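Asks: Okay, so here is structure19.cif, and as you'll see once you scroll down, it has mmCIF, C-alpha atoms (C1' of nucleotides).
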```cif
data_structure
#
loop_
_atom_site.label_atom_id
_atom_site.label_comp_id
_atom_site.auth_asym_id
_atom_site.auth_seq_id
_atom_site.Cartn_x
_atom_site.Cartn_y
_atom_site.Cartn_z
CA MET A 1 -129.70 43.94 148.52
CA THR A 2 -130.96 45.21 151.87
CA THR A 3 -129.09 48.03 153.59
CA ARG A 4 -128.29 45.70 156.43
CA LYS A 5 -126.58 43.22 154.13
CA GLU A 6 -124.79 46.01 152.32
CA ILE A 7 -123.40 47.29 155.63
CA ILE A 8 -122.19 43.82 156.60
CA GLN A 9 -120.55 43.31 153.23
CA LEU A 10 -118.78 46.66 153.39
CA ALA A 11 -117.66 46.09 156.98
CA ASP A 12 -116.32 42.70 155.98
CA GLY A 13 -114.31 44.23 153.17
CA LEU A 14 -112.98 47.00 155.38
CA ILE A 15 -112.01 44.66 158.22
CA ARG A 16 -110.09 42.45 155.83
CA ALA A 17 -108.48 45.34 153.94
CA LYS A 18 -107.56 47.64 156.83
CA GLY A 19 -108.22 45.82 160.08
CA TYR A 20 -110.99 46.08 162.66
CA ASN A 21 -109.62 49.12 164.46
CA ALA A 22 -108.99 51.07 161.27
CA PHE A 23 -112.51 51.04 159.92
CA SER A 24 -115.24 53.33 161.16
CA PHE A 25 -118.97 53.81 160.83
CA TYR A 26 -118.10 56.89 158.78
CA ASP A 27 -116.31 54.77 156.16
CA ILE A 28 -119.44 52.69 155.78
CA SER A 29 -121.82 55.64 155.83
CA LYS A 30 -119.94 57.18 152.90
CA ALA A 31 -120.10 53.97 150.89
CA VAL A 32 -123.74 53.15 151.63
CA GLY A 33 -124.91 56.73 151.38
CA ILE A 34 -126.55 56.99 154.78
CA LYS A 35 -125.56 58.76 157.99
CA THR A 36 -123.55 57.05 160.70
CA ALA A 37 -126.49 57.30 163.10
CA SER A 38 -128.53 55.18 160.69
CA ILE A 39 -125.97 52.41 160.87
CA HIS A 40 -126.52 52.31 164.61
CA TYR A 41 -130.16 51.54 163.90
CA HIS A 42 -129.11 48.28 162.23
CA PHE A 43 -126.18 47.56 164.54
CA PRO A 44 -126.37 49.24 167.96
CA SER A 45 -122.63 48.88 168.52
CA LYS A 46 -119.54 48.25 166.44
CA SER A 47 -119.20 44.88 168.14
CA ASP A 48 -122.68 43.90 166.92
CA LEU A 49 -121.55 44.67 163.40
CA GLY A 50 -118.37 42.71 163.93
CA VAL A 51 -120.32 39.69 165.10
CA ALA A 52 -122.64 39.99 162.08
CA VAL A 53 -119.64 39.99 159.75
CA VAL A 54 -118.26 36.83 161.32
CA ASP A 55 -121.67 35.16 161.27
CA ARG A 56 -122.14 36.02 157.61
CA GLN A 57 -118.82 34.37 156.79
CA LEU A 58 -119.81 31.34 158.81
CA GLU A 59 -123.02 31.11 156.77
CA THR A 60 -121.04 31.30 153.53
CA LEU A 61 -118.69 28.62 154.78
CA ASN A 62 -121.56 26.35 155.75
CA GLU A 63 -123.14 26.82 152.33
CA LEU A 64 -119.84 25.82 150.74
CA ILE A 65 -119.49 22.78 152.99
CA LEU A 66 -122.96 21.67 151.99
CA LYS A 67 -122.43 22.36 148.30
CA SER A 68 -119.09 20.54 148.27
CA GLU A 69 -120.29 17.38 149.99
CA LYS A 70 -120.06 15.23 146.89
CA TRP A 71 -116.90 16.78 145.52
CA THR A 72 -113.60 14.90 145.47
CA PRO A 73 -111.12 15.81 148.22
CA LEU A 74 -108.87 17.33 145.55
CA LYS A 75 -111.64 19.57 144.27
CA LYS A 76 -112.34 20.70 147.83
CA LEU A 77 -108.68 21.56 148.29
CA ASP A 78 -108.68 23.48 145.02
CA GLN A 79 -111.74 25.38 146.15
CA LEU A 80 -110.03 26.27 149.43
CA ILE A 81 -107.01 27.54 147.54
CA ASN A 82 -109.25 29.51 145.19
CA ILE A 83 -110.88 31.31 148.08
CA TYR A 84 -107.50 32.52 149.30
CA SER A 85 -106.38 33.31 145.78
CA LYS A 86 -109.31 35.68 145.42
CA ILE A 87 -108.57 37.25 148.80
CA MET A 88 -105.04 38.01 147.65
CA ASP A 89 -106.20 39.42 144.32
CA ASP A 90 -108.52 41.76 146.21
CA ASP A 91 -105.58 42.95 148.32
CA LYS A 92 -107.28 41.74 151.46
CA VAL A 93 -106.49 39.14 154.09
CA CYS A 94 -108.73 36.43 155.50
CA LEU A 95 -111.11 37.23 158.34
CA VAL A 96 -109.34 34.99 160.83
CA GLY A 97 -105.98 36.48 159.89
CA SER A 98 -107.26 40.01 160.30
CA LEU A 99 -109.22 39.58 163.52
CA SER A 100 -106.72 37.29 165.23
CA THR A 101 -104.11 40.07 165.29
CA ASP A 102 -106.68 42.46 166.77
CA LEU A 103 -108.12 39.80 169.06
CA ASN A 104 -107.09 41.47 172.31
CA THR A 105 -108.94 44.65 171.37
CA VAL A 106 -112.29 43.27 170.26
CA ASP A 107 -115.33 42.36 172.29
CA GLU A 108 -115.66 38.88 173.74
CA SER A 109 -118.70 38.28 171.52
CA ILE A 110 -116.59 38.68 168.38
CA ARG A 111 -113.90 36.40 169.78
CA LYS A 112 -116.48 33.75 170.55
CA HIS A 113 -118.08 33.80 167.11
CA LEU A 114 -114.70 33.90 165.37
CA LYS A 115 -113.63 30.86 167.31
CA VAL A 116 -116.68 28.98 166.04
CA PHE A 117 -115.84 30.02 162.50
CA ALA A 118 -112.23 28.88 162.84
CA GLU A 119 -113.23 25.53 164.29
CA GLN A 120 -115.79 24.95 161.56
CA MET A 121 -113.23 25.71 158.87
CA LEU A 122 -110.71 23.45 160.57
CA GLU A 123 -113.20 20.62 160.81
CA TRP A 124 -114.12 20.84 157.14
CA VAL A 125 -110.50 20.79 155.97
CA SER A 126 -109.56 18.04 158.44
CA LYS A 127 -112.35 15.87 157.12
CA PHE A 128 -111.55 16.16 153.46
CA LEU A 129 -107.87 15.61 154.18
CA GLU A 130 -108.70 12.41 155.98
CA GLU A 131 -111.15 11.47 153.25
CA GLY A 132 -108.42 12.00 150.68
CA ARG A 133 -105.97 9.94 152.64
CA GLU A 134 -108.44 7.06 152.93
CA GLN A 135 -108.98 7.21 149.19
CA GLY A 136 -105.23 7.16 148.60
CA VAL A 137 -105.26 10.57 146.91
CA PHE A 138 -103.51 12.43 149.70
CA HIS A 139 -100.48 11.26 151.62
CA PHE A 140 -99.42 12.73 154.93
CA GLU A 141 -98.29 11.69 158.37
CA GLY A 142 -99.97 12.60 161.63
CA LEU A 143 -103.36 13.94 162.57
CA PRO A 144 -105.61 15.41 159.89
CA ARG A 145 -106.33 18.32 162.23
CA THR A 146 -102.65 19.23 162.51
CA ARG A 147 -102.26 19.01 158.74
CA ALA A 148 -105.39 21.11 158.29
CA ILE A 149 -104.00 23.79 160.58
CA MET A 150 -100.78 23.78 158.61
CA ILE A 151 -102.52 24.14 155.25
CA ILE A 152 -104.96 26.80 156.39
CA GLY A 153 -102.06 28.48 158.15
CA ASN A 154 -99.98 28.45 155.01
CA LEU A 155 -102.79 30.03 153.02
CA LEU A 156 -103.59 32.59 155.69
CA ALA A 157 -99.93 33.50 155.97
CA ILE A 158 -98.99 33.60 152.31
CA VAL A 159 -101.79 36.09 151.72
CA GLN A 160 -100.31 38.31 154.43
CA LEU A 161 -96.67 37.73 153.47
CA SER A 162 -97.14 38.22 149.75
CA ARG A 163 -98.20 41.79 150.54
CA LEU A 164 -94.56 42.30 151.49
CA THR A 165 -92.65 39.89 149.29
CA ASP A 166 -94.02 38.99 145.88
CA LYS A 167 -97.53 38.08 144.76
CA ARG A 168 -95.99 35.29 142.65
CA ASP A 169 -95.00 33.51 145.87
CA PHE A 170 -98.65 32.63 146.32
CA LYS A 171 -98.73 30.35 143.29
CA LYS A 172 -95.45 28.71 144.30
CA VAL A 173 -96.70 27.99 147.80
CA THR A 174 -100.08 26.61 146.76
CA SER A 175 -98.46 24.39 144.12
CA THR A 176 -96.09 23.07 146.75
CA ILE A 177 -98.92 22.45 149.21
CA LYS A 178 -100.68 20.32 146.61
CA LYS A 179 -97.52 18.57 145.50
CA ASP A 180 -96.59 17.71 149.09
CA LEU A 181 -100.02 16.32 149.72
CA ILE A 182 -100.27 14.26 146.55
CA THR A 183 -96.74 12.89 146.34
CA ILE A 184 -96.25 9.51 147.99
CA MET B 1 -82.19 51.79 179.50
CA THR B 2 -82.74 55.09 177.76
CA THR B 3 -86.24 56.51 177.51
CA ARG B 4 -86.06 56.21 173.74
CA LYS B 5 -85.32 52.50 173.90
CA GLU B 6 -88.01 51.99 176.51
CA ILE B 7 -90.56 53.67 174.24
CA ILE B 8 -89.55 51.48 171.30
CA GLN B 9 -89.77 48.35 173.39
CA LEU B 10 -93.21 49.23 174.71
CA ALA B 11 -94.47 50.18 171.26
CA ASP B 12 -93.20 46.88 169.92
CA GLY B 13 -95.07 44.97 172.59
CA LEU B 14 -98.26 46.95 172.05
CA ILE B 15 -98.18 46.57 168.26
CA ARG B 16 -97.76 42.82 168.57
CA ALA B 17 -100.34 42.45 171.34
CA LYS B 18 -103.08 44.79 170.06
CA GLY B 19 -102.17 45.94 166.58
CA TYR B 20 -100.77 49.18 165.23
CA ASN B 21 -104.06 51.07 165.15
CA ALA B 22 -105.05 50.05 168.65
CA PHE B 23 -102.06 51.45 170.49
CA SER B 24 -101.68 55.11 171.33
CA PHE B 25 -99.07 57.49 172.66
CA TYR B 26 -101.16 57.59 175.81
CA ASP B 27 -100.66 53.84 176.39
CA ILE B 28 -96.93 54.39 176.23
CA SER B 29 -96.97 57.56 178.30
CA LYS B 30 -98.70 55.69 181.11
CA ALA B 31 -96.17 52.87 181.02
CA VAL B 32 -93.06 55.05 180.76
CA GLY B 33 -94.31 57.65 183.18
CA ILE B 34 -93.94 60.67 180.91
CA LYS B 35 -96.49 62.79 179.07
CA THR B 36 -97.53 62.06 175.49
CA ALA B 37 -95.95 65.30 174.32
CA SER B 38 -92.59 64.03 175.55
CA ILE B 39 -92.90 61.00 173.34
CA HIS B 40 -93.28 63.31 170.37
CA TYR B 41 -89.92 64.76 171.31
CA HIS B 42 -88.30 61.36 170.66
CA PHE B 43 -90.58 60.39 167.77
CA PRO B 44 -92.20 63.33 165.97
CA SER B 45 -94.92 61.12 164.50
CA LYS B 46 -96.42 57.73 165.18
CA SER B 47 -94.96 56.53 161.89
CA ASP B 48 -91.47 57.46 163.08
CA LEU B 49 -92.04 55.28 166.11
CA GLY B 50 -93.37 52.49 163.93
CA VAL B 51 -90.26 52.61 161.76
CA ALA B 52 -88.05 52.55 164.85
CA VAL B 53 -89.83 49.44 166.09
CA VAL B 54 -89.28 47.64 162.80
CA ASP B 55 -85.66 48.75 162.64
CA ARG B 56 -85.04 47.51 166.16
CA GLN B 57 -86.39 44.09 165.22
CA LEU B 58 -84.22 44.07 162.12
CA GLU B 59 -81.19 44.79 164.31
CA THR B 60 -82.10 41.90 166.61
CA LEU B 61 -82.54 39.61 163.62
CA ASN B 62 -79.17 40.61 162.20
CA GLU B 63 -77.53 39.96 165.55
CA LEU B 64 -79.08 36.49 165.58
CA ILE B 65 -77.97 35.80 162.01
CA LEU B 66 -74.42 36.73 162.95
CA LYS B 67 -74.46 34.76 166.18
CA SER B 68 -75.89 31.66 164.49
CA GLU B 69 -73.42 31.56 161.62
CA LYS B 70 -71.61 28.47 162.88
CA TRP B 71 -74.68 26.66 164.17
CA THR B 72 -76.03 23.55 162.46
CA PRO B 73 -79.09 24.06 160.22
CA LEU B 74 -81.15 22.08 162.73
CA LYS B 75 -80.11 24.34 165.58
CA LYS B 76 -81.04 27.37 163.49
CA LEU B 77 -84.46 25.88 162.81
CA ASP B 78 -84.94 25.18 166.52
CA GLN B 79 -84.00 28.75 167.32
CA LEU B 80 -86.56 30.03 164.79
CA ILE B 81 -89.24 27.86 166.35
CA ASN B 82 -88.22 29.05 169.82
CA ILE B 83 -88.70 32.67 168.83
CA TYR B 84 -92.27 31.97 167.79
CA SER B 85 -92.86 29.80 170.83
CA LYS B 86 -91.99 32.73 173.04
CA ILE B 87 -94.23 35.04 171.02
CA MET B 88 -97.15 32.69 171.61
CA ASP B 89 -96.41 32.36 175.33
CA ASP B 90 -96.48 36.16 175.59
CA ASP B 91 -99.91 36.20 173.92
CA LYS B 92 -98.53 38.28 171.09
CA VAL B 93 -98.11 37.78 167.36
CA CYS B 94 -95.06 38.37 165.22
CA LEU B 95 -94.34 41.83 163.87
CA VAL B 96 -94.86 40.85 160.25
CA GLY B 97 -98.12 39.13 161.13
CA SER B 98 -99.40 42.14 163.00
CA LEU B 99 -98.34 44.87 160.58
CA SER B 100 -99.22 42.98 157.42
CA THR B 101 -102.89 42.98 158.34
CA ASP B 102 -102.72 46.74 159.00
CA LEU B 103 -100.49 47.35 156.00
CA ASN B 104 -102.97 49.46 154.06
CA THR B 105 -103.32 51.88 156.96
CA VAL B 106 -99.69 52.54 157.83
CA ASP B 107 -97.25 54.98 156.33
CA GLU B 108 -95.20 54.01 153.31
CA SER B 109 -92.03 54.32 155.43
CA ILE B 110 -93.21 51.54 157.73
CA ARG B 111 -94.17 49.36 154.77
CA LYS B 112 -90.75 49.85 153.24
CA HIS B 113 -88.82 48.97 156.39
CA LEU B 114 -91.07 46.00 157.14
CA LYS B 115 -90.46 44.68 153.66
CA VAL B 116 -86.72 44.77 154.31
CA PHE B 117 -87.22 42.91 157.56
CA ALA B 118 -89.36 40.23 155.90
CA GLU B 119 -86.86 39.73 153.08
CA GLN B 120 -83.97 39.47 155.51
CA MET B 121 -85.80 36.85 157.54
CA LEU B 122 -86.70 34.97 154.38
CA GLU B 123 -83.14 35.01 153.17
CA TRP B 124 -81.80 33.68 156.44
CA VAL B 125 -84.26 30.79 156.58
CA SER B 126 -83.83 30.01 152.87
CA LYS B 127 -80.09 29.76 153.33
CA PHE B 128 -80.10 27.42 156.28
CA LEU B 129 -82.72 25.25 154.62
CA GLU B 130 -80.52 24.92 151.55
CA GLU B 131 -77.49 24.37 153.76
CA GLY B 132 -79.35 21.59 155.55
CA ARG B 133 -80.38 20.01 152.29
CA GLU B 134 -76.81 20.03 151.01
CA GLN B 135 -75.68 18.37 154.22
CA GLY B 136 -78.39 15.75 153.87
CA VAL B 137 -80.06 16.77 157.12
CA PHE B 138 -83.15 18.31 155.53
CA HIS B 139 -85.16 16.85 152.69
CA PHE B 140 -87.58 18.86 150.60
CA GLU B 141 -88.54 19.49 146.99
CA GLY B 142 -88.53 22.83 145.24
CA LEU B 143 -86.94 26.18 145.95
CA PRO B 144 -85.55 26.90 149.41
CA ARG B 145 -87.27 30.28 149.26
CA THR B 146 -90.68 28.71 148.76
CA ARG B 147 -90.05 26.28 151.60
CA ALA B 148 -88.84 29.13 153.80
CA ILE B 149 -92.03 31.06 153.13
CA MET B 150 -94.06 28.01 154.03
CA ILE B 151 -92.23 27.43 157.30
CA ILE B 152 -92.24 31.07 158.37
CA GLY B 153 -95.86 31.22 157.26
CA ASN B 154 -96.76 28.20 159.32
CA LEU B 155 -95.14 29.71 162.40
CA LEU B 156 -96.67 33.13 161.84
CA ALA B 157 -100.07 31.56 161.33
CA ILE B 158 -100.07 29.04 164.15
CA VAL B 159 -99.33 31.84 166.59
CA GLN B 160 -102.40 33.68 165.31
CA LEU B 161 -104.60 30.60 164.98
CA SER B 162 -103.75 29.12 168.34
CA ARG B 163 -105.28 32.22 169.90
CA LEU B 164 -108.58 30.82 168.64
CA THR B 165 -108.10 27.07 168.67
CA ASP B 166 -105.78 25.53 171.20
CA LYS B 167 -102.32 26.51 172.37
CA ARG B 168 -101.31 22.86 172.19
CA ASP B 169 -101.68 23.00 168.42
CA PHE B 170 -98.45 24.98 168.35
CA LYS B 171 -96.35 22.06 169.54
CA LYS B 172 -98.07 19.68 167.13
CA VAL B 173 -97.43 21.96 164.19
CA THR B 174 -93.79 22.66 164.99
CA SER B 175 -93.10 18.97 165.55
CA THR B 176 -94.66 18.20 162.18
CA ILE B 177 -92.64 20.95 160.47
CA LYS B 178 -89.46 19.36 161.77
CA LYS B 179 -90.57 15.83 161.01
CA ASP B 180 -91.53 16.75 157.44
CA LEU B 181 -88.18 18.39 156.91
CA ILE B 182 -86.06 15.62 158.38
CA THR B 183 -87.90 12.58 157.02
CA ILE B 184 -86.58 11.27 153.71
"C1'" DA C 1 -64.70 82.26 186.99
"C1'" DT C 2 -68.46 83.76 185.10
"C1'" DT C 3 -71.35 84.56 181.55
"C1'" DT C 4 -73.57 83.39 177.29
"C1'" DA C 5 -75.44 80.21 174.38
"C1'" DC C 6 -77.10 75.99 173.37
"C1'" DC C 7 -78.94 71.25 174.06
"C1'" DT C 8 -81.80 67.67 176.10
"C1'" DA C 9 -85.73 66.16 178.05
"C1'" DT C 10 -89.56 67.09 180.01
"C1'" DC C 11 -93.74 69.75 181.23
"C1'" DT C 12 -98.55 72.35 180.74
"C1'" DA C 13 -101.96 73.64 177.83
"C1'" DC C 14 -103.98 73.49 173.75
"C1'" DT C 15 -106.01 72.19 168.95
"C1'" DA C 16 -108.46 69.90 165.25
"C1'" DA C 17 -110.11 65.67 163.86
"C1'" DT C 18 -112.27 61.47 164.54
"C1'" DA C 19 -114.40 57.95 167.21
"C1'" DG C 20 -118.60 55.43 168.86
"C1'" DG C 21 -122.89 56.35 170.52
"C1'" DT C 22 -127.73 58.66 171.90
"C1'" DA C 23 -132.26 61.31 171.70
"C1'" DG C 24 -135.73 62.90 169.35
"C1'" DT C 25 -137.84 63.70 164.87
"C1'" DA C 26 -139.09 63.04 160.15
"C1'" DT C 27 -140.20 60.11 156.17
"C1'" DC C 28 -141.42 56.20 153.70
"C1'" DT C 29 -143.82 51.76 153.08
"C1'" DT C 30 -147.29 48.53 153.98
"C1'" DA D 1 -152.16 54.10 161.53
"C1'" DA D 2 -147.95 51.67 162.45
"C1'" DG D 3 -143.58 49.99 161.98
"C1'" DA D 4 -139.27 50.36 159.61
"C1'" DT D 5 -135.77 53.25 158.28
"C1'" DA D 6 -133.27 57.26 158.08
"C1'" DC D 7 -132.45 62.01 159.58
"C1'" DT D 8 -130.64 66.19 162.43
"C1'" DA D 9 -128.32 67.48 166.17
"C1'" DC D 10 -125.88 66.40 169.76
"C1'" DC D 11 -122.40 64.32 173.30
"C1'" DT D 12 -118.31 62.52 175.28
"C1'" DA D 13 -113.94 60.35 174.83
"C1'" DT D 14 -109.85 59.70 172.48
"C1'" DT D 15 -106.58 60.58 169.01
"C1'" DA D 16 -102.17 62.50 166.99
"C1'" DG D 17 -99.89 66.46 167.02
"C1'" DT D 18 -98.24 71.56 168.29
"C1'" DA D 19 -96.61 75.71 170.91
"C1'" DG D 20 -94.36 77.58 174.40
"C1'" DA D 21 -92.25 77.31 178.94
"C1'" DT D 22 -89.07 75.27 182.21
"C1'" DA D 23 -85.21 73.05 184.37
"C1'" DG D 24 -80.79 70.96 184.24
"C1'" DG D 25 -76.54 70.15 182.02
"C1'" DT D 26 -72.61 71.24 178.78
"C1'" DA D 27 -69.36 73.90 176.40
"C1'" DA D 28 -67.38 77.65 174.45
"C1'" DA D 29 -66.44 82.74 174.88
"C1'" DT D 30 -65.36 86.52 177.68
#
```
Starting from the coordinates I provided, produce the structure as structure tokens.

Replies:
Amino acid sequence: MTTRKEIIQLADGLIRAKGYNAFSFYDISKAVGIKTASIHYHFPSKSDLGVAVVDRQLETLNELILKSEKWTPLKKLDQLINIYSKIMDDDKVCLVGSLSTDLNTVDESIRKHLKVFAEQMLEWVSKFLEEGREQGVFHFEGLPRTRAIMIIGNLLAIVQLSRLTDKRDFKKVTSTIKKDLITI
Amino acid sequence: MTTRKEIIQLADGLIRAKGYNAFSFYDISKAVGIKTASIHYHFPSKSDLGVAVVDRQLETLNELILKSEKWTPLKKLDQLINIYSKIMDDDKVCLVGSLSTDLNTVDESIRKHLKVFAEQMLEWVSKFLEEGREQGVFHFEGLPRTRAIMIIGNLLAIVQLSRLTDKRDFKKVTSTIKKDLITI
DNA sequence: ATTTACCTATCTACTAATAGGTAGTATCTT
DNA sequence: AAGATACTACCTATTAGTAGATAGGTAAAT
């Protein structure tokens, strides 16, 4: 892996484990084994690195969307849940969850890119919810977008909340999400 | 209002607007009109202030729980939604949402107190959900606790998400929460 | 009634650590 | 040789936190 990619990956992990304002170039320099000044060669400012992290996640999301095109709506939902399950196991939170609480402190460029990421995620989930409803696999009232926000929101939140309550709540919530969606 | 209370109130606002690691004693000193050293007189360390903020919110919650004892479950739910509605209007996030993303960077004392706050909130919502179900006003499957986590989670998350998507999503989500709960 | 002692709340002035960032130089790879 | 990558050596700003002084008020002791 290139140094650049390694820096992005580490920054991503740090942002989601500690928050944007709690990670520093020094944290990354220790982990990569280069000096902080060398990180500035790859990313002139911290905001540039932040944008790169968001863009990398957007890439990953787009790859998943492409890969999952032929999957059943239920498999897509399971995949979505799996992503958040892994985030919880790693004792992290999702990128949107982390950066949205710090939103007023980050550069406009990060906000802009994060917004694109959130909308893309929302669109993907909305579509497979609607697809599932058309196929009679999912049952829900109202707009797919609203339901997508609620499901993503539940996953985003349970990852954050289960840090305080009980990790076992995650399984209970995701089971209920599926049950609610499948039950007529 | 005493200086101490003013400091707590300002810290609370700053934590929920910018995040724990993005607010400083200097921010508060400017707003209160005293020097940073004077804040250390009231709160020896930043963690002490953080704990005080959480404790103050716990007090407020307990006052609400007491005040709402004789309310209908539906009125309690509306009140819960109103709290989050106000948070969104103020361009802030909820305390649990903010501190849970920074959880790995704050002192154990803050974590401990925040956990108490989250459990208290969860207990209150669980109870009025169950109460509503017994009265035939609410309809849902599964444990009240799980449902409470999902509703609180949805509110916590929509406040964060609507910073990125659209403020109008808040109303759509809260309407759907209520509809889901009331519909047989 | 005055003094002594203490308390509260603030100040000035400082420290040590950490932050993000820059300039110029060296090294490695192609 | 040239470009990519990393280095040393800084800089400036900000951070949380400390020490010591001051001023005003309170309360008990003389």

Asks: Can you give me, as a VMD selection string, the residues this file yields under the PyMOL selection byres ((chain C) within 8 of (chain B))?

Replies: chain C and resid 9 to 11

Asks: Rank nothing, just name the residue among B:Arg16, B:Lys127, B:Lys30, B:Arg163 nearest to Arg147 of chain B, using only C-alpha atoms.

Replies: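 Nearest candidate to Arg147 of chain B out of B:Arg16, B:Lys127, B:Lys30, B:Arg163: B:Lys127.
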
Asks: Mind giving me the axis-aligned box for segment 1-20 of chain D with 5 Å on every side, centre plus edges in Å to one decimal, as lines of an AutoDock Vina configuration file?

Replies:
```
center_x = -123.3
center_y = 63.8
center_z = 166.7
size_x = 67.8
size_y = 37.6
size_z = 27.2
```

Asks: Applying the PyMOL selection byres ((chain D) within 9 of (chain A)) to the file I just gave you, which residues come out? Please list them as an NGL selection string.

Replies: :D and (5-7)

Asks: List the spatial neighbours of Val116 of chain B as a compact mmCIF listing (two decimals) with C-alpha atoms, keeping the file's coordinate frame - criterion: any atom at most 12 Å away, all atoms listed in the file, same-chain residues fewer than 5 positions off excluded.

Replies:
```
# COMPACT_ATOMS: atom_id res chain seq x y z
CA LEU A 164 -94.56 42.30 151.49
CA THR A 165 -92.65 39.89 149.29
CA VAL B 51 -90.26 52.61 161.76
CA VAL B 54 -89.28 47.64 162.80
CA ASP B 55 -85.66 48.75 162.64
CA GLN B 57 -86.39 44.09 165.22
CA LEU B 58 -84.22 44.07 162.12
CA GLU B 59 -81.19 44.79 164.31
CA LEU B 61 -82.54 39.61 163.62
CA ASN B 62 -79.17 40.61 162.20
CA VAL B 96 -94.86 40.85 160.25
CA SER B 109 -92.03 54.32 155.43
CA ILE B 110 -93.21 51.54 157.73
CA ARG B 111 -94.17 49.36 154.77
CA MET B 121 -85.80 36.85 157.54
CA LEU B 122 -86.70 34.97 154.38
CA GLU B 123 -83.14 35.01 153.17
```

Asks: Would you give me, as a compact mmCIF listing (two decimals) with C-alpha atoms, in the coordinates of the input, the residues of chain A that come within 7 Å of chain B, using all atoms listed in the file?

Replies:
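result_25.txt, written as the output of this step:
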```txt
# COMPACT_ATOMS: atom_id res chain seq x y z
CA ALA A 17 -108.48 45.34 153.94
CA LYS A 18 -107.56 47.64 156.83
CA GLY A 19 -108.22 45.82 160.08
CA ASN A 21 -109.62 49.12 164.46
CA ALA A 22 -108.99 51.07 161.27
CA VAL A 93 -106.49 39.14 154.09
CA SER A 98 -107.26 40.01 160.30
CA SER A 100 -106.72 37.29 165.23
CA THR A 101 -104.11 40.07 165.29
CA ASP A 102 -106.68 42.46 166.77
CA ASN A 104 -107.09 41.47 172.31
CA THR A 105 -108.94 44.65 171.37
CA LYS A 115 -113.63 30.86 167.31
CA GLU A 119 -113.23 25.53 164.29
CA THR A 146 -102.65 19.23 162.51
CA MET A 150 -100.78 23.78 158.61
CA GLY A 153 -102.06 28.48 158.15
CA ASN A 154 -99.98 28.45 155.01
CA LEU A 156 -103.59 32.59 155.69
CA ALA A 157 -99.93 33.50 155.97
CA ILE A 158 -98.99 33.60 152.31
CA GLN A 160 -100.31 38.31 154.43
CA LEU A 164 -94.56 42.30 151.49
CA THR A 165 -92.65 39.89 149.29
CA LYS A 172 -95.45 28.71 144.30
CA VAL A 173 -96.70 27.99 147.80
```

Asks: Would you list the contacts of DG25 of chain D as number ranges by chain, taking every protein, DNA or RNA residue within 12 Å and counting only C-alpha atoms (C1' of nucleotides), but skipping same-chain residues closer than 5 positions in sequence?

Replies: C: 6-9

Asks: Which is closer to DA19 of chain C than all the others in D:DT30, D:DT14, D:DG24, D:DA19, using all atoms listed in the file?

Replies: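 Smallest distance to DA19 of chain C is found for D:DT14.
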
Asks: For atom CA of Phe43 of chain A and atom CA of Glu6 of chain A, quote the distance in Å rounded to one decimal.

Replies: 12.4 Å

Asks: Separation of atom CA of Thr72 of chain B and atom CA of Arg133 of chain B, in Å?

Replies: 11.6 Å

Asks: Generate the coordinates of N, CA and C atoms for segment 90-100 of chain B; report them as a CSV table (one decimal), in the coordinates of the input.

Replies:
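That gives us part.csv:
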```
chain,number,residue,atom,x,y,z
B,90,ASP,N,-96.2,34.8,175.2
B,90,ASP,CA,-96.5,36.2,175.6
B,90,ASP,C,-97.8,36.7,175.1
B,91,ASP,N,-98.6,35.8,174.5
B,91,ASP,CA,-99.9,36.2,173.9
B,91,ASP,C,-99.8,37.4,172.9
B,92,LYS,N,-98.7,37.3,172.1
B,92,LYS,CA,-98.5,38.3,171.1
B,92,LYS,C,-98.5,37.6,169.7
B,93,VAL,N,-98.3,38.4,168.7
B,93,VAL,CA,-98.1,37.8,167.4
B,93,VAL,C,-96.8,38.4,166.8
B,94,CYS,N,-96.3,37.8,165.7
B,94,CYS,CA,-95.1,38.4,165.2
B,94,CYS,C,-95.3,39.7,164.5
B,95,LEU,N,-94.2,40.5,164.4
B,95,LEU,CA,-94.3,41.8,163.9
B,95,LEU,C,-94.9,41.8,162.5
B,96,VAL,N,-94.4,40.9,161.6
B,96,VAL,CA,-94.9,40.8,160.2
B,96,VAL,C,-96.3,40.5,160.2
B,97,GLY,N,-96.7,39.5,161.1
B,97,GLY,CA,-98.1,39.1,161.1
B,97,GLY,C,-99.0,40.3,161.5
B,98,SER,N,-98.6,41.0,162.5
B,98,SER,CA,-99.4,42.1,163.0
B,98,SER,C,-99.5,43.3,162.0
B,99,LEU,N,-98.3,43.7,161.5
B,99,LEU,CA,-98.3,44.9,160.6
B,99,LEU,C,-98.8,44.5,159.2
B,100,SER,N,-98.7,43.3,158.8
B,100,SER,CA,-99.2,43.0,157.4
B,100,SER,C,-100.7,43.1,157.3
```
